[in-house]
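A short worksheet on the structure shown next.
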Amino acid sequence: MELSSGQKGLLVFGGAFVAVGLVMTTVVFPFWNLIREDVYEEVVVLSNTDGVCYADTADDTPKTISGCEAAPGDTITIKFGRGLAWATVVDP
């Protein structure tokens, strides 16, 4: 069975598309970066500005916590994705 030039071009284009896709998913943009591990941590609130609290965590990334009603100095439990700068308050 002989392939026409159009079919050969389509086959080359499809192979190149698959090769670029593999390189992009493994080197440039790894899929596992989209799925972050959830971390739960008890933190001391440093400040509260109009319902947005700020706290330091063990990963040395300051966290912004929206919808926070805690006062500075209170200890709360937060949930955040590893390496992210925002968190949410969770019930202990």
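Here, A, B, ... name the chains of the structure tokens in the order displayed, residue numbers run from 1 inside each chain, and ligands are numbered from 1 in the same displayed order.
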Which residues are close to Val45 in chain A, i.e. within 12 Å by only C-alpha atoms, leaving aside same-chain residues fewer than 4 positions away? Reply as a ChimeraX atom specification.
/A:49,51-57,62-65,68-78,89
Report as number ranges by chain: the residues of chain A with a DSSP assignment of helix (DSSP H, G or I), based on the backbone of this structure.
A: 5-28, 31-33
Write the residues of the preceding selection, restricted to N, CA and C atoms, as a compact mmCIF listing (two decimals), in the first residue's frame.
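And here's out-v8.txt as it stands now:
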```txt
# COMPACT_ATOMS: atom_id res chain seq x y z
N SER A 5 1.31 11.75 -1.04
CA SER A 5 2.11 12.80 -0.40
C SER A 5 1.30 13.52 0.69
N GLY A 6 0.00 13.65 0.50
CA GLY A 6 -0.85 14.27 1.51
C GLY A 6 -0.91 13.42 2.78
N GLN A 7 -1.01 12.11 2.60
CA GLN A 7 -1.03 11.20 3.75
C GLN A 7 0.32 11.19 4.46
N LYS A 8 1.41 11.27 3.70
CA LYS A 8 2.74 11.31 4.31
C LYS A 8 2.91 12.60 5.12
N GLY A 9 2.45 13.71 4.56
CA GLY A 9 2.52 14.98 5.27
C GLY A 9 1.72 14.95 6.56
N LEU A 10 0.52 14.35 6.48
CA LEU A 10 -0.33 14.23 7.67
C LEU A 10 0.33 13.34 8.71
N LEU A 11 0.97 12.27 8.29
CA LEU A 11 1.66 11.38 9.21
C LEU A 11 2.84 12.09 9.88
N VAL A 12 3.61 12.87 9.13
CA VAL A 12 4.73 13.62 9.70
C VAL A 12 4.21 14.67 10.68
N PHE A 13 3.16 15.39 10.29
CA PHE A 13 2.56 16.39 11.17
C PHE A 13 2.06 15.75 12.45
N GLY A 14 1.37 14.62 12.36
CA GLY A 14 0.85 13.92 13.54
C GLY A 14 1.98 13.45 14.45
N GLY A 15 3.06 12.91 13.87
CA GLY A 15 4.20 12.47 14.67
C GLY A 15 4.88 13.64 15.37
N ALA A 16 5.03 14.75 14.66
CA ALA A 16 5.63 15.94 15.27
C ALA A 16 4.75 16.48 16.38
N PHE A 17 3.44 16.46 16.18
CA PHE A 17 2.49 16.94 17.20
C PHE A 17 2.59 16.09 18.47
N VAL A 18 2.66 14.78 18.31
CA VAL A 18 2.79 13.88 19.45
C VAL A 18 4.13 14.09 20.16
N ALA A 19 5.21 14.25 19.40
CA ALA A 19 6.53 14.47 20.00
C ALA A 19 6.56 15.77 20.80
N VAL A 20 6.00 16.84 20.24
CA VAL A 20 5.96 18.12 20.95
C VAL A 20 5.09 18.00 22.20
N GLY A 21 4.00 17.28 22.10
CA GLY A 21 3.13 17.07 23.26
C GLY A 21 3.85 16.33 24.38
N LEU A 22 4.61 15.31 24.04
CA LEU A 22 5.38 14.57 25.05
C LEU A 22 6.43 15.45 25.71
N VAL A 23 7.13 16.24 24.93
CA VAL A 23 8.15 17.13 25.50
C VAL A 23 7.49 18.15 26.42
N MET A 24 6.37 18.73 25.99
CA MET A 24 5.68 19.74 26.80
C MET A 24 5.20 19.15 28.13
N THR A 25 4.64 17.95 28.11
CA THR A 25 4.08 17.38 29.33
C THR A 25 5.14 16.85 30.29
N THR A 26 6.31 16.49 29.80
CA THR A 26 7.31 15.93 30.70
C THR A 26 8.40 16.91 31.10
N VAL A 27 8.70 17.89 30.28
CA VAL A 27 9.79 18.80 30.57
C VAL A 27 9.30 20.20 30.91
N VAL A 28 8.49 20.76 30.05
CA VAL A 28 8.10 22.15 30.19
C VAL A 28 7.01 22.34 31.23
N PHE A 31 2.59 17.61 34.59
CA PHE A 31 1.21 17.50 35.04
C PHE A 31 1.11 17.51 36.56
N TRP A 32 2.08 16.91 37.24
CA TRP A 32 1.99 16.80 38.70
C TRP A 32 2.13 18.15 39.38
N ASN A 33 2.57 19.20 38.67
CA ASN A 33 2.58 20.54 39.26
C ASN A 33 1.17 21.09 39.43
```
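When only C-alpha atoms are used to measure the gap to Val43 in chain A, the shortest distance among A:Leu3, A:Phe29, A:Arg82, A:Thr88 belongs to A:Thr88.
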Run DSSP on the backbone and grab whatever in chain A lands in strand (DSSP E or B); send it over as a ChimeraX atom specification.
/A:38-49,52-55,63-66,75-81,86-90
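Using only C-alpha atoms, the nearest neighbour of Ala85 in chain A within the list A:Asp50, A:Asp59, A:Glu37, A:Glu2 is A:Asp59.
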